[in-house]
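J.: First the structure, then my questions, so here it is.
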Amino acid sequence: MASILDEYEDSQNTRQSAQQRSRLAAANIGITHSGFVNVRLEEEKPIFTKQRIDFSHLEKINHFAVCNNQLCMSLGKDTLLRIDLAKPDQPNQMEMGRKDDCKVHKLFLDPSGSHLLISLSSSECLYLNRNTQKVRSLSRWRGHLIESVGWNKLLGTETNTGPILVGTSQGAIFEAEISATEGSLFNTNPDQYFRQVHSLEEDGRPAPVCCLEVERGLENKVFIIATTRKRLFQFVGKVAEGSEQQGYSSIFSQNQDLLPSFQEFPVNMGYSEITFYTSKLRSSPKAFAWMMGNGVLYGQMDYVRPDSLLSDVQVWEYTSDIDFELNKPISIVLTQFHFLLLLPDRVKAVCTLNGQVVHEDVFPDKFGPLKKMIKDPAGGLVWIYTERAVFRYHIQREARDVWQMYMSMGKFDLAKEYCRDRPECMDMVLAREAEHCFQNKRYLESAKCYALTQNYFEEIALKFIEAKQEDALKEFLLKKLNNLKPGERTQITLLVTWLTELYLNRLGQLESDDSTAPVFLETRGEFRVFLGSAKHKECLFNNRTTIYDLLASHGNVDDMVYFSVVMQDYERVISHHCQHDDYGAALDVLSKHCDEKLFYKFSPVLMQHIPKKVVDAWIQMGKRLDPKKLIPALMNYSQMGSTQQIKETIRYMEFCVYQLTVTEEAIHNYLLSLYAKYKPESLLWYLEQAGTHASDIHYDLKYALRLCAEHGYLEACVLVYKIMELYEEAVDLALQVDVDLAKSCADLPEDDEELRKKLWLKIARHVVQEEKDVKKAMNCLSSCNLLKIEDILPFFPDFVTIDHFKEAICGSLAEYNHHIEELKQEMEEATESAKRIREDIQEMRNKYGVVESQEKCAACDFPLLNRPFYLFLCGHMFHYDCLIQEVTPHLSTFKQNRLEDLQKKLAATAQASKSRHRPPPKEESDTASLGKASAGTSRETIKSDIDDVIASECVYCGELMIKSIDKPFIDPQKFEEEKASWL
């Protein structure tokens with residue numbers, strides 16, 4: 001067969017589309033009150049879509065089973081068809097090998113699709129494994145008509161079923177195990193064992209076991225569900241760890257003393273069927289639906305409850321068109337939100353949330369009556385077959401309309417859960433929930449929901465205003481504000497302003513009532529959190545003037561200060577504190593936020609009232625403040641005469657000079673003025689440590705000199721004069737203070753002996769003429785070696801006797817004699833040195849060297865004797881032209897020009913000598929000879945000058961080579977050219 005899939009049937013699709021359109025129209029989805037417009041560009045596909053599978057070439061279908069994409073069908077009398085739905089074009093058809101007239105009673109396929117059990121009407125059972133082609137008989141099962149199988153989902157493999165449960169038509173429950181592997185020579189049966197573990201009864205008689213289901217919970221707990229025609233049994237027990245292979249006999253043995261837990265319904269339609277819904281493959285079922293006589297028993301699976309596995313159980317009664325005589329249900333399948341009932345001619349889909357029929361599909365009569373409906377738990381597909389046709393149902397987006405049902409039931413959380421990806425539906429659910437909360441006077445919850453909807457803003461706001469619910473209105477506005485996008489600036493501005501007004505009104509109401517103090521504090525906290533919101537900081541900043549006006553109109557000073565801090569409008573905060581004479585708080589704000597501009601602005605006011613704290617804050621700021629910009633505040637208030645302000649001003653100036661090492665002249669000049677006026681004991685110390693050279697001084701010397709002179713600080717003036725190198729003025733002024741000070745000034749010009757002598761003469765004159773102290777005058781002679789006794793004699797009066805100068809005159813004469821002796825000795829040494837030099841010169845003239853014939857030039861490496869050459873004492877020998885070539889690059893520009901001139905002159909003399917072949921006139925012979933002698937003398941002189949330039953020292957061993965050590969081997973200007981020549 002080419003393909004197992006066929007096209008959709010047009011008639012069925014048309015009917016389903018019509019039903020879907022009517023259902024969507026009834027849902028009232030379109031242009032909604034919320035402002036959402038739900039435009040459906042394409043018709044939504046129905047949830048349940050039927051597809052016919054083409055088996056037209058096969059015999060009639062007796063039974064059908066499908067699981068894990070493995071499909072098995074019983075055809076005709078003895079044919080079995082297996083199809084792997086992953087490879088639908090490779091069917092596997094085989095004969096069961098039965099020659100008698102027995103028929104297939106039921107097919108059972110395990111969850112993995114590996115094990116197929118074939119129950120025959122002759123109370124026999126056959127087994128077929130997916131990986132084999134041989135149908136094998138289960139001999140131990142013979143004599144029992146199999147009605148149901150409870151597969152082992154935990155231990156089952158492709159070759160072994162593990163312990164399973166088998167229900168028969170006589171109410172017996174057997175435990176068995178089947179292995180597909182070949183047994184021994186004497187045991188070839190696939191059934192490992194087959195033993196009865198329990199039996200079920202109805203009305204005191206055995207009843208057929210219609211369904212069996214085995215599930216495992218936590219802590220090795222096992223749940224077994226078994227159904228008869230009108231009873232549902234539950235068996236719960238624990239299996240010891242590691243004993244899973246021992247089967248389920250222990251579960252039933254635990255309940256022998258007590259009747260098993262069961263539910264019974266009075267109506268019996270001859271059979272029942274139970275189905276389960278599993279959300280994920282290999283997980284435990286979450287819900288069940290049991291089709292029995294009274295209707296469909298639907299509920300959830302709870303694996304935690306100790307007494308029962310079933311919870312939230314309810315019965316959906318059959319609709320009136322279902323008749324047990326002619327039209328009773330055949331099969332049931334459970335999905336996430338629906339169960340499908342199979343009737344002889346149609347399929348009904350009933351919603352498990354409200355019990356309403358949401359889909360009904362009638363099958364044409366040409367296919368015959370419907371026989372069975374099966375769901376593949378692996379793929380979720382639903383299969384229905386008749387004797388001549390097979391149909392498959394696809395279930396798509398089953399949960400898409402569930403939100404409406406939950407919404408109508410008031411289960412809004414579940415409704416929102418199932419419409420998260422559909423904003424128009426979410427909006428309808430939120431609007432319904434908000435309206436529901438509003439009607440039940442849960443205004444805050446209503447406001448939160450309304451804020452998430454797209455309903456008209458004005459309408460909702462008016463609802464809360466009319467209900468006088470300001471808190472709910474505030475909550476609505478806050479939520480609405482948080483949901484706005486940053487680009488919606490106008491809306492954000494309106495909401496922020498409105499909320500500010502609401503908060504202020506509420507705070508005003510609560511402030512007047514002492515009994516609401518906790519509420520007041522809580523509301524104020526919320527308001528401050530709102531003002532400090534980072535999300536709306538930009539809006540608050542842009543509209544801060546409006547917020548300030550609102551706060552001022554309500555007289556809310558504290559919150560205005562808080563808002564100013566949030567907006568970092570510290571200038572307003574500090575101004576507020578200063579206006580209320582709270583200078584400490586103002587300084588705290590300044591110190592906390594360290595804004596330099598605010599320091600410059602408010603320091604004058606603060607310095608007037610709390611100078612010490614202000615200076616402490618300045619010092620803490622350190623280099624972040626510019627002291628020059630603080631001088632106006634310091635000077636203004638220091639002139640008012642406050643001792644503390646002056647003291648703190650000096651402290652800050654000293655901090656700037658000595659710790660921050662500020663070099664600004666204005667700062668140093670101001671500190672000088674403060675010292676001169678208020679702290680003179682520190683003036684001289686400051687001048688001394690400031691430096692003794694003008695380049696090291698950071699204050700204005702002229703200003704310092706004028707300041708010290710005005711206040712009569714002569715010693716300080718002397719120090720300034722010394723720094724200014726006005727030594728005469730320094731000495732003159734120092735003589736008015738102390739002679740020793742003058743002496744220290746007189747020794748300062750060390751490089752100018754004449755000036756030093758002049759200064760010492762000033763000191764000597766002052767000592768002699770003013771102090772009339774001859775002994776001090778003599779001390780001046782010993783202190784300065786430039787003064788002689790004859791220099792100071794004119795300063796003494798005529799009546800002074802020679803006794804006062806006797807020692808000084810004798811000392812001076814002795815010094816003269818000593819100096820004369822030193823000069824004589826130097827002259828003798830100079831004469832001896834000149835004599836030795838003359839002898840050395842004479843010896844050098846007679847010195848010679850021997851040059852061998854094989855010697856070569858050190859520069860060109862050619863034989864030396866071929867051309868004129870030079871021999872140096874170091875042993876290096878150079879041709880004349882080679883030496884010039886080696887020396888020239890190392891010569892200075894002046895010497896290079898000098899050498900070039902000498903070479904030109906030498907060439908000119910050589911040219912003149914070549915003209916000797918012409919005999920001179922007789923009368924001029926004497927003159928010519930004299931000219932030749934003169935030319936020869938000049939030529940020797942030129943050669944001697946050239947030797948002085950190029951041969952004064954060896955080019956390899958002399959000073960030229962030492963000076964050239966830092967020069968590159970290749971001239972940088974010729975480097976590229978040289979580099980290219982190497983390539």
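Ordering of the structure tokens sets the chain letters (A, B, ...); residue numbers start at 1 within each chain; ligands are numbered from 1 in the order shown.
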List the neighbours of Val662 (chain A) out to 12 Å using only C-alpha atoms; skip same-chain residues closer than 2 positions along the sequence, and give me the result as a PDB file with all heavy atoms, in the first residue's frame.
T.:
```pdb
ATOM      1  N   GLY A 622      38.883  68.467  51.595  1.00  0.00           N
ATOM      2  CA  GLY A 622      40.244  68.419  51.074  1.00  0.00           C
ATOM      3  C   GLY A 622      40.397  69.131  49.749  1.00  0.00           C
ATOM      4  O   GLY A 622      39.956  70.273  49.568  1.00  0.00           O
ATOM      5  N   LYS A 623      41.009  68.449  48.804  1.00  0.00           N
ATOM      6  CA  LYS A 623      41.336  69.070  47.519  1.00  0.00           C
ATOM      7  C   LYS A 623      40.136  69.248  46.613  1.00  0.00           C
ATOM      8  O   LYS A 623      40.263  69.844  45.547  1.00  0.00           O
ATOM      9  CB  LYS A 623      42.392  68.229  46.805  1.00  0.00           C
ATOM     10  CG  LYS A 623      43.751  68.243  47.485  1.00  0.00           C
ATOM     11  CD  LYS A 623      44.799  67.543  46.654  1.00  0.00           C
ATOM     12  CE  LYS A 623      46.172  67.635  47.301  1.00  0.00           C
ATOM     13  NZ  LYS A 623      47.218  66.988  46.501  1.00  0.00           N
ATOM     14  N   LEU A 625      37.713  71.099  47.181  1.00  0.00           N
ATOM     15  CA  LEU A 625      37.360  72.515  47.245  1.00  0.00           C
ATOM     16  C   LEU A 625      38.532  73.363  46.774  1.00  0.00           C
ATOM     17  O   LEU A 625      39.695  73.053  47.037  1.00  0.00           O
ATOM     18  CB  LEU A 625      36.985  72.904  48.674  1.00  0.00           C
ATOM     19  CG  LEU A 625      35.680  72.329  49.231  1.00  0.00           C
ATOM     20  CD1 LEU A 625      35.478  72.787  50.658  1.00  0.00           C
ATOM     21  CD2 LEU A 625      34.491  72.729  48.384  1.00  0.00           C
ATOM     22  N   ASP A 626      38.193  74.454  46.092  1.00  0.00           N
ATOM     23  CA  ASP A 626      39.205  75.412  45.650  1.00  0.00           C
ATOM     24  C   ASP A 626      39.293  76.523  46.698  1.00  0.00           C
ATOM     25  O   ASP A 626      38.354  77.304  46.863  1.00  0.00           O
ATOM     26  CB  ASP A 626      38.806  75.987  44.295  1.00  0.00           C
ATOM     27  CG  ASP A 626      39.888  76.872  43.711  1.00  0.00           C
ATOM     28  OD1 ASP A 626      40.900  77.081  44.396  1.00  0.00           O
ATOM     29  OD2 ASP A 626      39.709  77.368  42.579  1.00  0.00           O
ATOM     30  N   PRO A 627      40.399  76.609  47.437  1.00  0.00           N
ATOM     31  CA  PRO A 627      40.484  77.612  48.514  1.00  0.00           C
ATOM     32  C   PRO A 627      40.297  79.040  48.022  1.00  0.00           C
ATOM     33  O   PRO A 627      39.805  79.895  48.758  1.00  0.00           O
ATOM     34  CB  PRO A 627      41.889  77.386  49.081  1.00  0.00           C
ATOM     35  CG  PRO A 627      42.245  75.990  48.705  1.00  0.00           C
ATOM     36  CD  PRO A 627      41.582  75.753  47.382  1.00  0.00           C
ATOM     37  N   LYS A 628      40.667  79.300  46.783  1.00  0.00           N
ATOM     38  CA  LYS A 628      40.506  80.669  46.273  1.00  0.00           C
ATOM     39  C   LYS A 628      39.047  81.107  46.285  1.00  0.00           C
ATOM     40  O   LYS A 628      38.736  82.263  46.548  1.00  0.00           O
ATOM     41  CB  LYS A 628      41.049  80.751  44.839  1.00  0.00           C
ATOM     42  CG  LYS A 628      42.551  80.753  44.748  1.00  0.00           C
ATOM     43  CD  LYS A 628      43.004  81.178  43.356  1.00  0.00           C
ATOM     44  CE  LYS A 628      42.417  80.309  42.283  1.00  0.00           C
ATOM     45  NZ  LYS A 628      42.891  80.660  40.931  1.00  0.00           N
ATOM     46  N   TYR A 652      42.247  77.011  58.620  1.00  0.00           N
ATOM     47  CA  TYR A 652      41.998  76.484  57.280  1.00  0.00           C
ATOM     48  C   TYR A 652      43.108  76.905  56.317  1.00  0.00           C
ATOM     49  O   TYR A 652      43.532  76.123  55.456  1.00  0.00           O
ATOM     50  CB  TYR A 652      40.646  76.948  56.762  1.00  0.00           C
ATOM     51  CG  TYR A 652      40.337  76.400  55.392  1.00  0.00           C
ATOM     52  CD1 TYR A 652      40.138  75.041  55.194  1.00  0.00           C
ATOM     53  CD2 TYR A 652      40.291  77.235  54.278  1.00  0.00           C
ATOM     54  CE1 TYR A 652      39.888  74.522  53.938  1.00  0.00           C
ATOM     55  CE2 TYR A 652      40.033  76.722  53.023  1.00  0.00           C
ATOM     56  CZ  TYR A 652      39.831  75.373  52.858  1.00  0.00           C
ATOM     57  OH  TYR A 652      39.583  74.851  51.611  1.00  0.00           O
ATOM     58  N   MET A 653      43.581  78.166  56.450  1.00  0.00           N
ATOM     59  CA  MET A 653      44.655  78.613  55.572  1.00  0.00           C
ATOM     60  C   MET A 653      45.930  77.789  55.808  1.00  0.00           C
ATOM     61  O   MET A 653      46.636  77.423  54.862  1.00  0.00           O
ATOM     62  CB  MET A 653      44.942  80.100  55.810  1.00  0.00           C
ATOM     63  CG  MET A 653      43.855  81.032  55.292  1.00  0.00           C
ATOM     64  SD  MET A 653      43.766  81.108  53.491  1.00  0.00           S
ATOM     65  CE  MET A 653      42.409  80.024  53.171  1.00  0.00           C
ATOM     66  N   GLU A 654      46.223  77.489  57.076  1.00  0.00           N
ATOM     67  CA  GLU A 654      47.394  76.651  57.369  1.00  0.00           C
ATOM     68  C   GLU A 654      47.205  75.236  56.798  1.00  0.00           C
ATOM     69  O   GLU A 654      48.159  74.632  56.306  1.00  0.00           O
ATOM     70  CB  GLU A 654      47.605  76.586  58.883  1.00  0.00           C
ATOM     71  CG  GLU A 654      48.103  77.895  59.467  1.00  0.00           C
ATOM     72  CD  GLU A 654      48.227  77.841  60.985  1.00  0.00           C
ATOM     73  OE1 GLU A 654      47.623  76.920  61.592  1.00  0.00           O
ATOM     74  OE2 GLU A 654      48.905  78.709  61.549  1.00  0.00           O
ATOM     75  N   PHE A 655      45.990  74.732  56.868  1.00  0.00           N
ATOM     76  CA  PHE A 655      45.715  73.414  56.280  1.00  0.00           C
ATOM     77  C   PHE A 655      45.980  73.424  54.775  1.00  0.00           C
ATOM     78  O   PHE A 655      46.570  72.486  54.218  1.00  0.00           O
ATOM     79  CB  PHE A 655      44.263  73.021  56.564  1.00  0.00           C
ATOM     80  CG  PHE A 655      43.802  71.821  55.807  1.00  0.00           C
ATOM     81  CD1 PHE A 655      44.179  70.536  56.177  1.00  0.00           C
ATOM     82  CD2 PHE A 655      42.974  71.957  54.691  1.00  0.00           C
ATOM     83  CE1 PHE A 655      43.756  69.430  55.473  1.00  0.00           C
ATOM     84  CE2 PHE A 655      42.543  70.856  53.979  1.00  0.00           C
ATOM     85  CZ  PHE A 655      42.940  69.589  54.376  1.00  0.00           C
ATOM     86  N   CYS A 656      45.539  74.505  54.113  1.00  0.00           N
ATOM     87  CA  CYS A 656      45.748  74.596  52.663  1.00  0.00           C
ATOM     88  C   CYS A 656      47.224  74.676  52.314  1.00  0.00           C
ATOM     89  O   CYS A 656      47.683  74.042  51.351  1.00  0.00           O
ATOM     90  CB  CYS A 656      45.020  75.824  52.103  1.00  0.00           C
ATOM     91  SG  CYS A 656      43.225  75.725  52.219  1.00  0.00           S
ATOM     92  N   VAL A 657      47.996  75.443  53.119  1.00  0.00           N
ATOM     93  CA  VAL A 657      49.394  75.683  52.772  1.00  0.00           C
ATOM     94  C   VAL A 657      50.274  74.501  53.155  1.00  0.00           C
ATOM     95  O   VAL A 657      51.090  74.025  52.362  1.00  0.00           O
ATOM     96  CB  VAL A 657      49.881  76.972  53.458  1.00  0.00           C
ATOM     97  CG1 VAL A 657      51.394  77.131  53.305  1.00  0.00           C
ATOM     98  CG2 VAL A 657      49.159  78.171  52.852  1.00  0.00           C
ATOM     99  N   TYR A 658      50.076  73.975  54.375  1.00  0.00           N
ATOM    100  CA  TYR A 658      51.008  72.976  54.891  1.00  0.00           C
ATOM    101  C   TYR A 658      50.612  71.543  54.562  1.00  0.00           C
ATOM    102  O   TYR A 658      51.471  70.669  54.480  1.00  0.00           O
ATOM    103  CB  TYR A 658      51.140  73.134  56.412  1.00  0.00           C
ATOM    104  CG  TYR A 658      51.624  74.504  56.825  1.00  0.00           C
ATOM    105  CD1 TYR A 658      51.005  75.200  57.857  1.00  0.00           C
ATOM    106  CD2 TYR A 658      52.690  75.119  56.165  1.00  0.00           C
ATOM    107  CE1 TYR A 658      51.437  76.456  58.229  1.00  0.00           C
ATOM    108  CE2 TYR A 658      53.125  76.378  56.528  1.00  0.00           C
ATOM    109  CZ  TYR A 658      52.498  77.051  57.558  1.00  0.00           C
ATOM    110  OH  TYR A 658      52.923  78.287  57.912  1.00  0.00           O
ATOM    111  N   GLN A 659      49.327  71.273  54.390  1.00  0.00           N
ATOM    112  CA  GLN A 659      48.904  69.896  54.125  1.00  0.00           C
ATOM    113  C   GLN A 659      48.476  69.682  52.680  1.00  0.00           C
ATOM    114  O   GLN A 659      48.826  68.666  52.074  1.00  0.00           O
ATOM    115  CB  GLN A 659      47.759  69.501  55.078  1.00  0.00           C
ATOM    116  CG  GLN A 659      48.198  69.494  56.531  1.00  0.00           C
ATOM    117  CD  GLN A 659      47.136  68.905  57.451  1.00  0.00           C
ATOM    118  OE1 GLN A 659      46.396  68.017  57.051  1.00  0.00           O
ATOM    119  NE2 GLN A 659      47.063  69.412  58.668  1.00  0.00           N
ATOM    120  N   LEU A 660      47.710  70.619  52.145  1.00  0.00           N
ATOM    121  CA  LEU A 660      47.327  70.487  50.735  1.00  0.00           C
ATOM    122  C   LEU A 660      48.400  70.987  49.795  1.00  0.00           C
ATOM    123  O   LEU A 660      48.309  70.770  48.579  1.00  0.00           O
ATOM    124  CB  LEU A 660      46.016  71.246  50.464  1.00  0.00           C
ATOM    125  CG  LEU A 660      44.767  70.766  51.204  1.00  0.00           C
ATOM    126  CD1 LEU A 660      43.555  71.572  50.745  1.00  0.00           C
ATOM    127  CD2 LEU A 660      44.522  69.283  50.966  1.00  0.00           C
ATOM    128  N   GLU A 664      48.881  78.583  45.282  1.00  0.00           N
ATOM    129  CA  GLU A 664      48.257  79.811  44.808  1.00  0.00           C
ATOM    130  C   GLU A 664      48.795  81.000  45.596  1.00  0.00           C
ATOM    131  O   GLU A 664      48.852  80.988  46.836  1.00  0.00           O
ATOM    132  CB  GLU A 664      46.740  79.727  44.962  1.00  0.00           C
ATOM    133  CG  GLU A 664      46.081  78.663  44.110  1.00  0.00           C
ATOM    134  CD  GLU A 664      46.109  79.033  42.642  1.00  0.00           C
ATOM    135  OE1 GLU A 664      46.293  80.237  42.341  1.00  0.00           O
ATOM    136  OE2 GLU A 664      45.966  78.134  41.805  1.00  0.00           O
ATOM    137  N   GLU A 665      49.192  82.038  44.881  1.00  0.00           N
ATOM    138  CA  GLU A 665      49.774  83.212  45.522  1.00  0.00           C
ATOM    139  C   GLU A 665      48.791  83.913  46.437  1.00  0.00           C
ATOM    140  O   GLU A 665      49.150  84.401  47.518  1.00  0.00           O
ATOM    141  CB  GLU A 665      50.274  84.175  44.432  1.00  0.00           C
ATOM    142  CG  GLU A 665      51.053  85.357  44.989  1.00  0.00           C
ATOM    143  CD  GLU A 665      51.579  86.253  43.883  1.00  0.00           C
ATOM    144  OE1 GLU A 665      52.650  85.937  43.339  1.00  0.00           O
ATOM    145  OE2 GLU A 665      50.897  87.247  43.562  1.00  0.00           O
ATOM    146  N   ALA A 666      47.505  83.930  46.020  1.00  0.00           N
ATOM    147  CA  ALA A 666      46.507  84.623  46.827  1.00  0.00           C
ATOM    148  C   ALA A 666      46.363  83.978  48.204  1.00  0.00           C
ATOM    149  O   ALA A 666      46.180  84.666  49.221  1.00  0.00           O
ATOM    150  CB  ALA A 666      45.162  84.614  46.093  1.00  0.00           C
ATOM    151  N   ILE A 667      46.420  82.640  48.247  1.00  0.00           N
ATOM    152  CA  ILE A 667      46.289  81.936  49.518  1.00  0.00           C
ATOM    153  C   ILE A 667      47.461  82.278  50.434  1.00  0.00           C
ATOM    154  O   ILE A 667      47.289  82.603  51.619  1.00  0.00           O
ATOM    155  CB  ILE A 667      46.217  80.415  49.268  1.00  0.00           C
ATOM    156  CG1 ILE A 667      45.005  80.076  48.377  1.00  0.00           C
ATOM    157  CG2 ILE A 667      46.138  79.657  50.578  1.00  0.00           C
ATOM    158  CD1 ILE A 667      43.697  80.456  48.957  1.00  0.00           C
ATOM    159  N   HIS A 668      48.659  82.235  49.901  1.00  0.00           N
ATOM    160  CA  HIS A 668      49.839  82.533  50.718  1.00  0.00           C
ATOM    161  C   HIS A 668      49.854  84.002  51.158  1.00  0.00           C
ATOM    162  O   HIS A 668      50.228  84.308  52.308  1.00  0.00           O
ATOM    163  CB  HIS A 668      51.095  82.202  49.927  1.00  0.00           C
ATOM    164  CG  HIS A 668      51.346  80.729  49.795  1.00  0.00           C
ATOM    165  ND1 HIS A 668      52.205  80.030  50.622  1.00  0.00           N
ATOM    166  CD2 HIS A 668      50.843  79.802  48.939  1.00  0.00           C
ATOM    167  CE1 HIS A 668      52.216  78.757  50.282  1.00  0.00           C
ATOM    168  NE2 HIS A 668      51.394  78.582  49.257  1.00  0.00           N
ATOM    169  N   ASN A 669      49.456  84.908  50.281  1.00  0.00           N
ATOM    170  CA  ASN A 669      49.414  86.325  50.659  1.00  0.00           C
ATOM    171  C   ASN A 669      48.393  86.551  51.773  1.00  0.00           C
ATOM    172  O   ASN A 669      48.634  87.326  52.712  1.00  0.00           O
ATOM    173  CB  ASN A 669      49.052  87.182  49.451  1.00  0.00           C
ATOM    174  CG  ASN A 669      50.190  87.262  48.450  1.00  0.00           C
ATOM    175  OD1 ASN A 669      51.344  86.941  48.776  1.00  0.00           O
ATOM    176  ND2 ASN A 669      49.891  87.678  47.225  1.00  0.00           N
ATOM    177  N   LEU A 671      47.350  84.326  53.989  1.00  0.00           N
ATOM    178  CA  LEU A 671      47.874  83.778  55.233  1.00  0.00           C
ATOM    179  C   LEU A 671      48.924  84.714  55.837  1.00  0.00           C
ATOM    180  O   LEU A 671      48.977  84.911  57.067  1.00  0.00           O
ATOM    181  CB  LEU A 671      48.483  82.395  54.969  1.00  0.00           C
ATOM    182  CG  LEU A 671      49.065  81.677  56.185  1.00  0.00           C
ATOM    183  CD1 LEU A 671      48.002  81.461  57.245  1.00  0.00           C
ATOM    184  CD2 LEU A 671      49.674  80.331  55.782  1.00  0.00           C
ATOM    185  N   ILE A 697      59.368  80.470  46.244  1.00  0.00           N
ATOM    186  CA  ILE A 697      58.421  81.266  47.026  1.00  0.00           C
ATOM    187  C   ILE A 697      57.084  81.314  46.308  1.00  0.00           C
ATOM    188  O   ILE A 697      57.007  81.508  45.088  1.00  0.00           O
ATOM    189  CB  ILE A 697      58.969  82.698  47.223  1.00  0.00           C
ATOM    190  CG1 ILE A 697      60.315  82.649  47.922  1.00  0.00           C
ATOM    191  CG2 ILE A 697      57.987  83.535  48.015  1.00  0.00           C
ATOM    192  CD1 ILE A 697      60.286  81.960  49.256  1.00  0.00           C
ATOM    193  N   HIS A 698      55.982  81.125  47.084  1.00  0.00           N
ATOM    194  CA  HIS A 698      54.634  81.168  46.510  1.00  0.00           C
ATOM    195  C   HIS A 698      53.856  82.426  46.895  1.00  0.00           C
ATOM    196  O   HIS A 698      52.729  82.612  46.443  1.00  0.00           O
ATOM    197  CB  HIS A 698      53.834  79.934  46.960  1.00  0.00           C
ATOM    198  CG  HIS A 698      54.449  78.639  46.552  1.00  0.00           C
ATOM    199  ND1 HIS A 698      54.693  78.312  45.241  1.00  0.00           N
ATOM    200  CD2 HIS A 698      54.912  77.598  47.295  1.00  0.00           C
ATOM    201  CE1 HIS A 698      55.246  77.108  45.179  1.00  0.00           C
ATOM    202  NE2 HIS A 698      55.400  76.655  46.425  1.00  0.00           N
ATOM    203  N   TYR A 699      54.454  83.267  47.732  1.00  0.00           N
ATOM    204  CA  TYR A 699      53.789  84.534  48.080  1.00  0.00           C
ATOM    205  C   TYR A 699      54.458  85.663  47.309  1.00  0.00           C
ATOM    206  O   TYR A 699      55.547  85.517  46.752  1.00  0.00           O
ATOM    207  CB  TYR A 699      53.832  84.785  49.583  1.00  0.00           C
ATOM    208  CG  TYR A 699      55.219  84.793  50.174  1.00  0.00           C
ATOM    209  CD1 TYR A 699      56.017  85.953  50.162  1.00  0.00           C
ATOM    210  CD2 TYR A 699      55.748  83.641  50.750  1.00  0.00           C
ATOM    211  CE1 TYR A 699      57.286  85.944  50.686  1.00  0.00           C
ATOM    212  CE2 TYR A 699      57.023  83.632  51.280  1.00  0.00           C
ATOM    213  CZ  TYR A 699      57.793  84.789  51.246  1.00  0.00           C
ATOM    214  OH  TYR A 699      59.055  84.795  51.772  1.00  0.00           O
TER     215      TYR A 699
END
```
J.: Using only C-alpha atoms, which protein or nucleic acid residues come within 6 Å of Thr228 (chain A)? Drop anything in the same chain fewer than 2 positions from it, and give the result as a count of residues only.
T.: 5
J.: If we count only C-alpha atoms and set the cut-off at 7 Å, which residues sit around Phe276 (chain A), ignoring sequence neighbours fewer than 5 positions away in its own chain? Please answer as a PyMOL selection string.
T.: chain A and resi 285+287-289+334
J.: Filtering to C-alpha atoms, could you give me those residues as an mmCIF file, in the first residue's frame?
T.:
```cif
data_model
loop_
_atom_site.group_PDB
_atom_site.id
_atom_site.type_symbol
_atom_site.label_atom_id
_atom_site.label_comp_id
_atom_site.auth_asym_id
_atom_site.auth_seq_id
_atom_site.Cartn_x
_atom_site.Cartn_y
_atom_site.Cartn_z
ATOM 1 C CA PRO A 285 -2.234 9.761 34.892
ATOM 2 C CA ALA A 287 -7.460 12.314 35.560
ATOM 3 C CA PHE A 288 -9.823 9.453 34.787
ATOM 4 C CA ALA A 289 -13.241 8.946 33.201
ATOM 5 C CA LEU A 334 -10.277 11.164 27.950
#
```
J.: Fewer than 2 positions away in the same chain doesn't count, so skip those; otherwise give me all residues within 8 Å of region 469-481 of chain A, counting only C-alpha atoms, as a list of chain:residue names.
T.: A:Tyr443, A:Leu444, A:Ser446, A:Ala447, A:Lys448, A:Tyr450, A:Ala451, A:Leu452, A:Ala461, A:Phe464, A:Ile465, A:Glu466, A:Ala467, A:Asn483, A:Leu484, A:Ile492, A:Leu495, A:Val496, A:Leu499, A:Leu502
J.: Skipping near chain neighbours, those fewer than 4 positions away, what residues fall within 12 Å of Arg706 (chain A) using only C-alpha atoms, listed as number ranges by chain?
T.: A: 669, 672-673, 676, 700-702, 710-714, 716-718, 720-721
J.: Near region 421-433 of chain A, counting only C-alpha atoms, which residues have an atom at most 8 Å away, once you skip same-chain residues fewer than 2 positions from it, shown as a list in words?
T.: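 Selected residues are Ser34, Phe36, Val37, Asn38, Trp403, Gln404, Met407, Gly410, Phe412, Ala415, Lys416, Cys419, Glu435, His436, Cys437, Ser446, Cys449, Tyr450, Leu452, Thr453, Gln454 and Asn455 of chain A.
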J.: Which of region 276-381 of chain A end up as strand (DSSP E or B) when DSSP is run on this backbone - answer as a PyMOL selection string?
T.: chain A and resi 276-277+287-291+296-301+310-316+323+327+331-334+338-342+346-351+357-362+372-375
J.: I'd like to know which of A:Ser250, A:Thr545, A:Asn68, A:Gln854 is closest to His198 (chain A), using only C-alpha atoms.
T.: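 Checking each candidate against His198 (chain A), we get A:Ser250 as the closest.
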J.: Could you tell me, as number ranges by chain, which residues of region 108-271 of chain A DSSP assigns to alpha helix (DSSP H) when given the backbone?
T.: A: 249-253
